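Q: Let me give you the structure first, and then I'll get to my questions.
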Number of protein chains: 6
Amino acid sequence: MAQPRILVINPNSTEAVTRAVDEALSCYADDAQIRCVTLKEGPPGIELQQHADSVIVPLGQLLKREEGNHDAFVLACYSDPGLHSLREQTKKPVLGIGECGLLTAMTMGHRVGVIAILRKSIPRHLRYIGAMGIGSRLAGERALEIGVVGLQDAQRTAQRMVEIGRQLRDDDGADVVVLGCAGMAAYREGLQQELGVPVVDPTQAAVGMAIARVRLGW
Amino acid sequence: MAQPRILVINPNSTEAVTRAVDEALSCYADDAQIRCVTLKEGPPGIELQQHADSVIVPLGQLLKREEGNHDAFVLACYSDPGLHSLREQTKKPVLGIGECGLLTAMTMGHRVGVIAILRKSIPRHLRYIGAMGIGSRLAGERALEIGVVGLQDAQRTAQRMVEIGRQLRDDDGADVVVLGCAGMAAYREGLQQELGVPVVDPTQAAVGMAIARVRLGW
Amino acid sequence: MAQPRILVINPNSTEAVTRAVDEALSCYADDAQIRCVTLKEGPPGIELQQHADSVIVPLGQLLKREEGNHDAFVLACYSDPGLHSLREQTKKPVLGIGECGLLTAMTMGHRVGVIAILRKSIPRHLRYIGAMGIGSRLAGERALEIGVVGLQDAQRTAQRMVEIGRQLRDDDGADVVVLGCAGMAAYREGLQQELGVPVVDPTQAAVGMAIARVRLGW
Amino acid sequence: MAQPRILVINPNSTEAVTRAVDEALSCYADDAQIRCVTLKEGPPGIELQQHADSVIVPLGQLLKREEGNHDAFVLACYSDPGLHSLREQTKKPVLGIGECGLLTAMTMGHRVGVIAILRKSIPRHLRYIGAMGIGSRLAGERALEIGVVGLQDAQRTAQRMVEIGRQLRDDDGADVVVLGCAGMAAYREGLQQELGVPVVDPTQAAVGMAIARVRLGW
Amino acid sequence: MAQPRILVINPNSTEAVTRAVDEALSCYADDAQIRCVTLKEGPPGIELQQHADSVIVPLGQLLKREEGNHDAFVLACYSDPGLHSLREQTKKPVLGIGECGLLTAMTMGHRVGVIAILRKSIPRHLRYIGAMGIGSRLAGERALEIGVVGLQDAQRTAQRMVEIGRQLRDDDGADVVVLGCAGMAAYREGLQQELGVPVVDPTQAAVGMAIARVRLGW
Amino acid sequence: MAQPRILVINPNSTEAVTRAVDEALSCYADDAQIRCVTLKEGPPGIELQQHADSVIVPLGQLLKREEGNHDAFVLACYSDPGLHSLREQTKKPVLGIGECGLLTAMTMGHRVGVIAILRKSIPRHLRYIGAMGIGSRLAGERALEIGVVGLQDAQRTAQRMVEIGRQLRDDDGADVVVLGCAGMAAYREGLQQELGVPVVDPTQAAVGMAIARVRLGW
């Protein structure tokens, strides 16, 4: 059988995020042909609902162009912008990393903690978790809230993740943690070791589910 | 005090819907200056998630142009497309008819029945009700499923609404019904008399809440 | 059209509360004829379930006397005592400030924080929120717990509200706050400025919804 | 140890109901001194929310008179009118048959079906189930809807109960049924045999829990 | 009538726990013949899911041997291991202390706090509370986390319970507390006095419900 | 990289089920080394809670023997017996088909319908769905109820599946269907074509998730 061809779309225009996503997926090198692309029409980051909503039409256009060349599509933004629009547009599997990250976490612990980048994204994420009907499994969501400069400093970001992760674990009772953002997989293992609870990179989770869906033909 | 100036936006491009919405709001003639506009970039109807998502950017542009001339904004589509994007864009009140229709119905009965036009819209509506966290108040949602031609025949539409309304009341236990669409207010009173339970036109509900919000300055 | 005639009933016997409610509704002066009355049979405050239950029969008698002269009725107590009894008694709209304050807040933020006066009222309020089916939207409820003397000191009350409001916002994640009591509207704007999130006075919210209901004839 | 003295209060004024309740509790003859009384101020039946609310003050007065002579109190009306008021008034256990009937049923099956007398009572019951937070365990509630005359005909009542019970079991998936009314225990065993699923008389359930509470001193 | 014969089974092999359970049930001495037995095949304590699952088959064998000599059965482990298996095996009532402790607490307060022995048991308990559908009534669960040696020191255990109980009451909003373990009844009254909210020993609660079930013949 | 070695365990002793499971997983032939084994200690089928509970200890022993030779483990019974016990026993991934089938279905539709073999299994499944906290996504569960002989007749089984699937789709509103049993994958595609909504074979879903988990090292 041919390997599944998975298109992973970073809906923001920041190439560094796309590269980080690409690296995180090297574990699937033997299983699938994975191609990671940047939505050049996207904003530098998806921080607001406006950002999320603004990328849906260009995502649809990208899907139209690429549909024939791939077997499944993964939206690499924790807010899963346009997920249901894209699903209407193609019969091939389209998966969102928010959805898959949370569902996968639900197989690894009972109470899921989420690490967001920004506090202002949390209500948006909570609306999504409500739409998914899994709110009773959420231990809590907390934000790094360190800004763009802070995020460029890998050591400071790692430190802050551990801080927030500990609050999720100790104050909110999380026994599994999801990184609420694409492109953070490099922090996953270190954070997991510090916290002693599983940490899920949602893009890795989604691509795994996408490969399976292609294999199964549904 | 000056009267509140409310802009009601029909996000589909069908003028007849805008006119029907306008007529339904004549009851507020003494209370507010209400202007109903059609989003010319919109599709003829919002049937799919793609339709809903496609209007968000043009809605934002419309809001930008009109923000200075109005005190509050009402999205006249039961799917409330772009509601949270628009709220980020302005400090003035933005209300959606889906949200306000359902919340208002919750003050008139315990179990809310929704009449949709199309069966394929129901999962989208259910995701929204999930995001709102009010799913336990939903008795059920059922679709007219009569197509564009059927909808142009007012008598047939009225008849079908009564049929569906009775199923919501008798089989699903609804004690209040929401019209899950803009521009159907003309059917409201007749349906209410047939069913013997309150029927809510969501646009009327939303404009009432918008006027109050302007008066209160929040 | 004649202006809606709204009767706002303070179910406790404290005239100062009725006056505070009346002042808070001056924003509707151009929209409706609003009359605020005190239930003279009520206790000085509704602190216990017994207080709430004890006013239902006299509220029904008041409604009977006043039904002909008004178009809608608002119960100005956050516990909405007798709401469903009164609704059975009249075909005109009867709205409770607890219900309307919470539902209105749900259009302004995703996670609602409530400021109660007394800790012992919280279980009663939570039962009500459970009955409304909106528990997943509650960030938390916290009490001022400063007693009657404290409440007479406006500065101390304002200060305490800010303290509690900050806990709701920062510890519980509230992005909108409801004043869980009638007659506190004077604190609303200051609190809102301190917190940076919307603050809802429930009586103002309920009267706005009542005016709309009269206009709509349902 | 002295036997627990349980006062069972029928909040409606129909002596026949009180007698039926008394007979149903004969099984506890060796365990407790049970006294069943009729609230003479009550309406003939608790059909409306108004009826339920109207009995709360007289129930409080009855409790005041009888508190010294009894160890625990059971409210023998499925709507549990005034339950939380009475609990505030005494440190002795006060139990409601609605609450105890449902909680006991939850130990006998997973999905609870409720047989109400009247359809119009169902929203009131659903509000209560919402307040209790057990809505996900409710399979459904259906009404006999046979009126006072029908209820006096025991054979017709039994027949109708079987009909409704079968709908709860087969259409709603109930695997345990609660009689949503006091004074119907005589039908319990026959109905249980017909349905093949456990049927709970809520007064019997509540008195059992009351006896235990007295024994335990909490 | 003959007294109900209740078999209380401690599924762990620690006789001291069985003795503690037995003493806690002396209050029912006039009401029932209660026999407490130790499952000799059980582990010293039920700490892990593996422990809980490992006792189900031997519990079924014990039930088979003892079924004829008793009228009802109580599983004296807060995790209710094998509850539904045992219910399939006999037509006589089988009650679990976890289930009955929580349901009884729901008649004594609105928000239930649970004191666990070990933090690692909490996800297991939460899964069970989810299966029961009562999660919205849970204020929180917190663990003593003091180990076997700590538990043997009664004074230290009592102290730690008060600490944890205060956190449940003050930080989580619990207005009733359940001891999340068998054999802790000796601490109940002291804890209740310290906290000022009701404290439920689940074994006492379950045996009370079991006696009633026998009396009622269902 | 070496291919993931997945052990799929059929906890019932019926070899035909194991063979059917094995065939259904041929789509993963290029991705993983999959070995399907029968738990010889298991009952012929898992119909009762007793059956599910009885296999947990032998499953643990099997896991102990096989842990070293495999990278991940899949429990091929929709009731996921012993899932949490096995997870405590090993650090390698253990996935249940019930859990993974439902979570995967949640990425393919909004309202999940489940086809059970036997009506008496439904309460057990509902308890599990409650424990998972996904009850609001369940459209309904209905049983084939055709017995062992009926199941051996493939044509009759397929027919009955279509019947039940249509009820789930039309009466319960399901837009995705899960086969609530292992070993039924052969019916999946035909059923999907008849219903026009996606149909999930839970074993296929679980093995896909297991392969991903091995690749990711968590």
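Residues in the structure tokens are named by chain (A, B, ... in the order shown) and by number from 1 within that chain; ligands are numbered from 1 in the order shown.
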If we count only C-alpha atoms and set the cut-off at 12 Å, which residues sit around Arg142 (chain C), ignoring sequence neighbours fewer than 5 positions away in its own chain? Please answer as a PyMOL selection string.
A: (chain C and resi 112-123+125-126+160-169+171-172+174+177-180) or (chain E and resi 170-173)
Q: Could you do a least-squares fit of chain F on chain B over every C-alpha atom, in sequence order, and give the output as a PDB file with C-alpha atoms, in the first residue's frame?
A:
```pdb
ATOM      1  CA  MET F   1     -32.060  60.865  25.624  1.00  0.00           C
ATOM      2  CA  ALA F   2     -31.455  60.043  21.966  1.00  0.00           C
ATOM      3  CA  GLN F   3     -32.977  56.834  20.721  1.00  0.00           C
ATOM      4  CA  PRO F   4     -30.653  53.868  20.361  1.00  0.00           C
ATOM      5  CA  ARG F   5     -29.486  53.369  16.807  1.00  0.00           C
ATOM      6  CA  ILE F   6     -29.450  49.652  16.086  1.00  0.00           C
ATOM      7  CA  LEU F   7     -27.946  48.153  12.972  1.00  0.00           C
ATOM      8  CA  VAL F   8     -29.424  44.786  12.097  1.00  0.00           C
ATOM      9  CA  ILE F   9     -27.297  42.891   9.606  1.00  0.00           C
ATOM     10  CA  ASN F  10     -28.671  40.099   7.477  1.00  0.00           C
ATOM     11  CA  PRO F  11     -25.512  38.166   6.562  1.00  0.00           C
ATOM     12  CA  ASN F  12     -27.100  36.546   3.556  1.00  0.00           C
ATOM     13  CA  SER F  13     -27.659  38.455   0.342  1.00  0.00           C
ATOM     14  CA  THR F  14     -31.376  37.812   0.027  1.00  0.00           C
ATOM     15  CA  GLU F  15     -33.167  41.141   0.263  1.00  0.00           C
ATOM     16  CA  ALA F  16     -36.496  39.477   0.979  1.00  0.00           C
ATOM     17  CA  VAL F  17     -35.093  38.172   4.248  1.00  0.00           C
ATOM     18  CA  THR F  18     -33.874  41.629   5.195  1.00  0.00           C
ATOM     19  CA  ARG F  19     -37.310  43.044   4.440  1.00  0.00           C
ATOM     20  CA  ALA F  20     -39.018  40.370   6.518  1.00  0.00           C
ATOM     21  CA  VAL F  21     -36.654  41.134   9.383  1.00  0.00           C
ATOM     22  CA  ASP F  22     -37.371  44.826   9.045  1.00  0.00           C
ATOM     23  CA  GLU F  23     -41.127  44.307   9.214  1.00  0.00           C
ATOM     24  CA  ALA F  24     -40.817  42.115  12.278  1.00  0.00           C
ATOM     25  CA  LEU F  25     -39.080  44.933  14.106  1.00  0.00           C
ATOM     26  CA  SER F  26     -41.786  47.557  13.557  1.00  0.00           C
ATOM     27  CA  CYS F  27     -42.917  46.942  17.144  1.00  0.00           C
ATOM     28  CA  TYR F  28     -39.808  48.799  18.275  1.00  0.00           C
ATOM     29  CA  ALA F  29     -40.612  51.875  16.171  1.00  0.00           C
ATOM     30  CA  ASP F  30     -41.088  54.114  19.202  1.00  0.00           C
ATOM     31  CA  ASP F  31     -38.041  52.820  21.019  1.00  0.00           C
ATOM     32  CA  ALA F  32     -35.149  52.843  18.633  1.00  0.00           C
ATOM     33  CA  GLN F  33     -33.893  53.765  15.206  1.00  0.00           C
ATOM     34  CA  ILE F  34     -33.488  50.400  13.584  1.00  0.00           C
ATOM     35  CA  ARG F  35     -31.784  49.981  10.278  1.00  0.00           C
ATOM     36  CA  CYS F  36     -31.704  46.622   8.547  1.00  0.00           C
ATOM     37  CA  VAL F  37     -29.043  45.973   5.956  1.00  0.00           C
ATOM     38  CA  THR F  38     -28.139  43.118   3.665  1.00  0.00           C
ATOM     39  CA  LEU F  39     -24.570  41.852   3.460  1.00  0.00           C
ATOM     40  CA  LYS F  40     -24.196  41.986  -0.282  1.00  0.00           C
ATOM     41  CA  GLU F  41     -21.091  39.713  -0.120  1.00  0.00           C
ATOM     42  CA  GLY F  42     -23.122  36.998   1.592  1.00  0.00           C
ATOM     43  CA  PRO F  43     -24.452  33.834  -0.038  1.00  0.00           C
ATOM     44  CA  PRO F  44     -28.209  33.644  -0.788  1.00  0.00           C
ATOM     45  CA  GLY F  45     -28.674  31.695   2.428  1.00  0.00           C
ATOM     46  CA  ILE F  46     -26.541  30.427   5.321  1.00  0.00           C
ATOM     47  CA  GLU F  47     -27.013  26.693   4.989  1.00  0.00           C
ATOM     48  CA  LEU F  48     -23.552  25.282   5.505  1.00  0.00           C
ATOM     49  CA  GLN F  49     -20.759  25.984   7.942  1.00  0.00           C
ATOM     50  CA  GLN F  50     -18.851  27.243   4.903  1.00  0.00           C
ATOM     51  CA  HIS F  51     -21.518  29.856   4.314  1.00  0.00           C
ATOM     52  CA  ALA F  52     -21.420  30.961   7.912  1.00  0.00           C
ATOM     53  CA  ASP F  53     -17.631  31.181   7.945  1.00  0.00           C
ATOM     54  CA  SER F  54     -17.439  32.956   4.585  1.00  0.00           C
ATOM     55  CA  VAL F  55     -19.335  36.012   5.795  1.00  0.00           C
ATOM     56  CA  ILE F  56     -17.207  36.782   8.829  1.00  0.00           C
ATOM     57  CA  VAL F  57     -14.559  38.882   7.105  1.00  0.00           C
ATOM     58  CA  PRO F  58     -17.102  40.989   5.135  1.00  0.00           C
ATOM     59  CA  LEU F  59     -19.158  41.386   8.312  1.00  0.00           C
ATOM     60  CA  GLY F  60     -16.072  42.792   9.996  1.00  0.00           C
ATOM     61  CA  GLN F  61     -15.605  45.248   7.147  1.00  0.00           C
ATOM     62  CA  LEU F  62     -19.246  46.280   7.324  1.00  0.00           C
ATOM     63  CA  LEU F  63     -18.948  46.781  11.072  1.00  0.00           C
ATOM     64  CA  LYS F  64     -15.871  48.926  10.525  1.00  0.00           C
ATOM     65  CA  ARG F  65     -17.721  51.186   8.112  1.00  0.00           C
ATOM     66  CA  GLU F  66     -20.872  51.430  10.233  1.00  0.00           C
ATOM     67  CA  GLU F  67     -19.492  51.389  13.742  1.00  0.00           C
ATOM     68  CA  GLY F  68     -19.532  55.142  14.164  1.00  0.00           C
ATOM     69  CA  ASN F  69     -23.155  55.582  13.115  1.00  0.00           C
ATOM     70  CA  HIS F  70     -24.789  53.026  15.340  1.00  0.00           C
ATOM     71  CA  ASP F  71     -24.963  52.166  19.022  1.00  0.00           C
ATOM     72  CA  ALA F  72     -25.426  48.430  18.793  1.00  0.00           C
ATOM     73  CA  PHE F  73     -25.313  45.660  16.217  1.00  0.00           C
ATOM     74  CA  VAL F  74     -27.458  42.592  15.717  1.00  0.00           C
ATOM     75  CA  LEU F  75     -26.443  39.637  13.577  1.00  0.00           C
ATOM     76  CA  ALA F  76     -29.650  38.405  11.961  1.00  0.00           C
ATOM     77  CA  CYS F  77     -28.682  34.787  11.269  1.00  0.00           C
ATOM     78  CA  TYR F  78     -29.503  31.991  13.698  1.00  0.00           C
ATOM     79  CA  SER F  79     -25.937  30.649  13.397  1.00  0.00           C
ATOM     80  CA  ASP F  80     -24.501  33.918  14.740  1.00  0.00           C
ATOM     81  CA  PRO F  81     -21.578  33.884  12.265  1.00  0.00           C
ATOM     82  CA  GLY F  82     -18.598  35.880  13.442  1.00  0.00           C
ATOM     83  CA  LEU F  83     -20.262  36.947  16.678  1.00  0.00           C
ATOM     84  CA  HIS F  84     -17.114  36.710  18.782  1.00  0.00           C
ATOM     85  CA  SER F  85     -14.938  38.262  16.073  1.00  0.00           C
ATOM     86  CA  LEU F  86     -17.189  41.288  15.896  1.00  0.00           C
ATOM     87  CA  ARG F  87     -17.221  41.601  19.676  1.00  0.00           C
ATOM     88  CA  GLU F  88     -13.447  41.827  19.670  1.00  0.00           C
ATOM     89  CA  GLN F  89     -13.623  44.574  17.054  1.00  0.00           C
ATOM     90  CA  THR F  90     -15.869  47.028  18.875  1.00  0.00           C
ATOM     91  CA  LYS F  91     -16.701  48.044  22.418  1.00  0.00           C
ATOM     92  CA  LYS F  92     -20.318  48.574  21.428  1.00  0.00           C
ATOM     93  CA  PRO F  93     -22.804  45.746  21.977  1.00  0.00           C
ATOM     94  CA  VAL F  94     -22.966  43.051  19.318  1.00  0.00           C
ATOM     95  CA  LEU F  95     -25.705  40.494  19.751  1.00  0.00           C
ATOM     96  CA  GLY F  96     -26.545  37.374  17.803  1.00  0.00           C
ATOM     97  CA  ILE F  97     -30.077  36.219  17.200  1.00  0.00           C
ATOM     98  CA  GLY F  98     -29.244  32.576  17.887  1.00  0.00           C
ATOM     99  CA  GLU F  99     -27.850  33.408  21.300  1.00  0.00           C
ATOM    100  CA  CYS F 100     -30.567  35.891  22.238  1.00  0.00           C
ATOM    101  CA  GLY F 101     -33.402  33.788  20.867  1.00  0.00           C
ATOM    102  CA  LEU F 102     -32.372  30.811  22.940  1.00  0.00           C
ATOM    103  CA  LEU F 103     -31.668  32.794  26.113  1.00  0.00           C
ATOM    104  CA  THR F 104     -34.976  34.618  25.828  1.00  0.00           C
ATOM    105  CA  ALA F 105     -36.811  31.335  25.296  1.00  0.00           C
ATOM    106  CA  MET F 106     -35.242  30.116  28.528  1.00  0.00           C
ATOM    107  CA  THR F 107     -37.315  32.756  30.349  1.00  0.00           C
ATOM    108  CA  MET F 108     -40.536  31.498  28.768  1.00  0.00           C
ATOM    109  CA  GLY F 109     -40.374  27.736  29.155  1.00  0.00           C
ATOM    110  CA  HIS F 110     -38.148  25.031  30.543  1.00  0.00           C
ATOM    111  CA  ARG F 111     -37.514  22.880  27.488  1.00  0.00           C
ATOM    112  CA  VAL F 112     -36.713  24.687  24.274  1.00  0.00           C
ATOM    113  CA  GLY F 113     -37.616  23.287  20.867  1.00  0.00           C
ATOM    114  CA  VAL F 114     -35.945  24.692  17.763  1.00  0.00           C
ATOM    115  CA  ILE F 115     -37.354  24.682  14.237  1.00  0.00           C
ATOM    116  CA  ALA F 116     -34.552  24.609  11.683  1.00  0.00           C
ATOM    117  CA  ILE F 117     -34.975  24.984   7.955  1.00  0.00           C
ATOM    118  CA  LEU F 118     -32.589  22.195   6.997  1.00  0.00           C
ATOM    119  CA  ARG F 119     -31.571  18.991   8.716  1.00  0.00           C
ATOM    120  CA  LYS F 120     -27.938  19.483   7.746  1.00  0.00           C
ATOM    121  CA  SER F 121     -27.769  22.652   9.841  1.00  0.00           C
ATOM    122  CA  ILE F 122     -28.645  20.850  13.067  1.00  0.00           C
ATOM    123  CA  PRO F 123     -25.162  19.575  13.981  1.00  0.00           C
ATOM    124  CA  ARG F 124     -23.840  23.134  13.513  1.00  0.00           C
ATOM    125  CA  HIS F 125     -26.562  24.479  15.776  1.00  0.00           C
ATOM    126  CA  LEU F 126     -25.880  21.770  18.353  1.00  0.00           C
ATOM    127  CA  ARG F 127     -22.196  22.656  18.439  1.00  0.00           C
ATOM    128  CA  TYR F 128     -23.225  26.230  19.168  1.00  0.00           C
ATOM    129  CA  ILE F 129     -25.658  25.223  21.896  1.00  0.00           C
ATOM    130  CA  GLY F 130     -22.855  23.134  23.393  1.00  0.00           C
ATOM    131  CA  ALA F 131     -20.515  26.125  23.283  1.00  0.00           C
ATOM    132  CA  MET F 132     -23.196  28.158  25.073  1.00  0.00           C
ATOM    133  CA  GLY F 133     -23.479  25.458  27.741  1.00  0.00           C
ATOM    134  CA  ILE F 134     -27.269  25.267  27.590  1.00  0.00           C
ATOM    135  CA  GLY F 135     -27.705  21.810  26.103  1.00  0.00           C
ATOM    136  CA  SER F 136     -29.727  20.505  29.043  1.00  0.00           C
ATOM    137  CA  ARG F 137     -32.450  23.031  28.214  1.00  0.00           C
ATOM    138  CA  LEU F 138     -32.839  21.840  24.635  1.00  0.00           C
ATOM    139  CA  ALA F 139     -35.857  19.612  24.113  1.00  0.00           C
ATOM    140  CA  GLY F 140     -34.889  18.992  20.515  1.00  0.00           C
ATOM    141  CA  GLU F 141     -34.316  20.528  17.130  1.00  0.00           C
ATOM    142  CA  ARG F 142     -36.167  19.438  14.028  1.00  0.00           C
ATOM    143  CA  ALA F 143     -36.037  20.667  10.442  1.00  0.00           C
ATOM    144  CA  LEU F 144     -38.757  21.820   8.036  1.00  0.00           C
ATOM    145  CA  GLU F 145     -36.734  20.260   5.224  1.00  0.00           C
ATOM    146  CA  ILE F 146     -38.957  21.705   2.532  1.00  0.00           C
ATOM    147  CA  GLY F 147     -36.439  23.395   0.244  1.00  0.00           C
ATOM    148  CA  VAL F 148     -36.453  26.833  -1.353  1.00  0.00           C
ATOM    149  CA  VAL F 149     -39.584  26.286  -3.393  1.00  0.00           C
ATOM    150  CA  GLY F 150     -41.513  25.035  -0.397  1.00  0.00           C
ATOM    151  CA  LEU F 151     -40.431  28.055   1.612  1.00  0.00           C
ATOM    152  CA  GLN F 152     -41.836  30.422  -0.987  1.00  0.00           C
ATOM    153  CA  ASP F 153     -45.247  28.875  -0.455  1.00  0.00           C
ATOM    154  CA  ALA F 154     -46.330  30.565   2.784  1.00  0.00           C
ATOM    155  CA  GLN F 155     -49.253  28.314   3.426  1.00  0.00           C
ATOM    156  CA  ARG F 156     -47.230  25.149   3.043  1.00  0.00           C
ATOM    157  CA  THR F 157     -44.475  26.605   5.236  1.00  0.00           C
ATOM    158  CA  ALA F 158     -46.957  27.521   7.957  1.00  0.00           C
ATOM    159  CA  GLN F 159     -48.452  24.047   7.805  1.00  0.00           C
ATOM    160  CA  ARG F 160     -45.076  22.359   8.010  1.00  0.00           C
ATOM    161  CA  MET F 161     -44.101  24.577  10.949  1.00  0.00           C
ATOM    162  CA  VAL F 162     -47.161  23.455  12.834  1.00  0.00           C
ATOM    163  CA  GLU F 163     -46.328  19.824  12.088  1.00  0.00           C
ATOM    164  CA  ILE F 164     -42.753  20.181  13.308  1.00  0.00           C
ATOM    165  CA  GLY F 165     -43.825  22.319  16.258  1.00  0.00           C
ATOM    166  CA  ARG F 166     -46.230  19.604  17.375  1.00  0.00           C
ATOM    167  CA  GLN F 167     -43.477  16.996  17.233  1.00  0.00           C
ATOM    168  CA  LEU F 168     -41.252  19.250  19.336  1.00  0.00           C
ATOM    169  CA  ARG F 169     -44.068  19.779  21.837  1.00  0.00           C
ATOM    170  CA  ASP F 170     -45.486  16.262  21.984  1.00  0.00           C
ATOM    171  CA  ASP F 171     -42.570  13.956  21.257  1.00  0.00           C
ATOM    172  CA  ASP F 172     -39.687  16.044  22.607  1.00  0.00           C
ATOM    173  CA  GLY F 173     -41.498  17.802  25.440  1.00  0.00           C
ATOM    174  CA  ALA F 174     -40.811  21.389  24.349  1.00  0.00           C
ATOM    175  CA  ASP F 175     -42.796  24.048  26.217  1.00  0.00           C
ATOM    176  CA  VAL F 176     -41.343  26.932  24.220  1.00  0.00           C
ATOM    177  CA  VAL F 177     -40.300  27.031  20.568  1.00  0.00           C
ATOM    178  CA  VAL F 178     -37.641  29.129  18.823  1.00  0.00           C
ATOM    179  CA  LEU F 179     -37.715  29.839  15.103  1.00  0.00           C
ATOM    180  CA  GLY F 180     -34.204  28.772  14.085  1.00  0.00           C
ATOM    181  CA  CYS F 181     -33.884  31.249  11.261  1.00  0.00           C
ATOM    182  CA  ALA F 182     -34.124  34.972  10.554  1.00  0.00           C
ATOM    183  CA  GLY F 183     -37.037  36.356   8.640  1.00  0.00           C
ATOM    184  CA  MET F 184     -39.743  33.954   9.804  1.00  0.00           C
ATOM    185  CA  ALA F 185     -41.474  36.282  12.282  1.00  0.00           C
ATOM    186  CA  ALA F 186     -44.602  36.450  10.154  1.00  0.00           C
ATOM    187  CA  TYR F 187     -45.293  32.841  11.081  1.00  0.00           C
ATOM    188  CA  ARG F 188     -44.742  33.356  14.798  1.00  0.00           C
ATOM    189  CA  GLU F 189     -48.168  34.299  16.029  1.00  0.00           C
ATOM    190  CA  GLY F 190     -50.105  31.739  14.006  1.00  0.00           C
ATOM    191  CA  LEU F 191     -47.757  28.995  15.109  1.00  0.00           C
ATOM    192  CA  GLN F 192     -48.027  30.077  18.719  1.00  0.00           C
ATOM    193  CA  GLN F 193     -51.800  29.879  18.555  1.00  0.00           C
ATOM    194  CA  GLU F 194     -51.729  26.442  16.987  1.00  0.00           C
ATOM    195  CA  LEU F 195     -49.223  25.056  19.478  1.00  0.00           C
ATOM    196  CA  GLY F 196     -50.409  26.730  22.653  1.00  0.00           C
ATOM    197  CA  VAL F 197     -46.819  27.323  23.763  1.00  0.00           C
ATOM    198  CA  PRO F 198     -44.783  30.513  23.324  1.00  0.00           C
ATOM    199  CA  VAL F 199     -42.912  30.906  20.052  1.00  0.00           C
ATOM    200  CA  VAL F 200     -39.848  33.154  19.901  1.00  0.00           C
ATOM    201  CA  ASP F 201     -38.664  35.045  16.858  1.00  0.00           C
ATOM    202  CA  PRO F 202     -34.952  35.353  17.591  1.00  0.00           C
ATOM    203  CA  THR F 203     -34.422  38.643  15.778  1.00  0.00           C
ATOM    204  CA  GLN F 204     -37.130  40.328  17.807  1.00  0.00           C
ATOM    205  CA  ALA F 205     -35.568  38.924  20.969  1.00  0.00           C
ATOM    206  CA  ALA F 206     -32.093  40.111  20.042  1.00  0.00           C
ATOM    207  CA  VAL F 207     -33.116  43.642  19.121  1.00  0.00           C
ATOM    208  CA  GLY F 208     -34.907  43.984  22.445  1.00  0.00           C
ATOM    209  CA  MET F 209     -31.763  42.982  24.275  1.00  0.00           C
ATOM    210  CA  ALA F 210     -29.705  45.338  22.110  1.00  0.00           C
ATOM    211  CA  ILE F 211     -31.891  48.349  22.915  1.00  0.00           C
ATOM    212  CA  ALA F 212     -31.546  47.613  26.626  1.00  0.00           C
ATOM    213  CA  ARG F 213     -27.798  47.317  26.331  1.00  0.00           C
ATOM    214  CA  VAL F 214     -27.558  50.735  24.704  1.00  0.00           C
ATOM    215  CA  ARG F 215     -29.751  52.293  27.388  1.00  0.00           C
ATOM    216  CA  LEU F 216     -27.558  50.808  30.081  1.00  0.00           C
ATOM    217  CA  GLY F 217     -24.305  51.849  28.493  1.00  0.00           C
ATOM    218  CA  TRP F 218     -22.831  48.369  28.773  1.00  0.00           C
TER     219      TRP F 218
END
```
Q: I'd like to know which residues of region 49-214 of chain B are strand (DSSP E) (by DSSP, run on the backbone); could you write them as a PyMOL selection string?
A: chain B and resi 72-75+94-96+112-116+138-143+176-179+199-200
Q: Which of region 30-148 of chain C counts as alpha helix (DSSP H) under DSSP, as a VMD selection string please?
A: chain C and resid 49 to 54 56 to 66 83 to 89 97 to 105 122 to 132 147 to 148
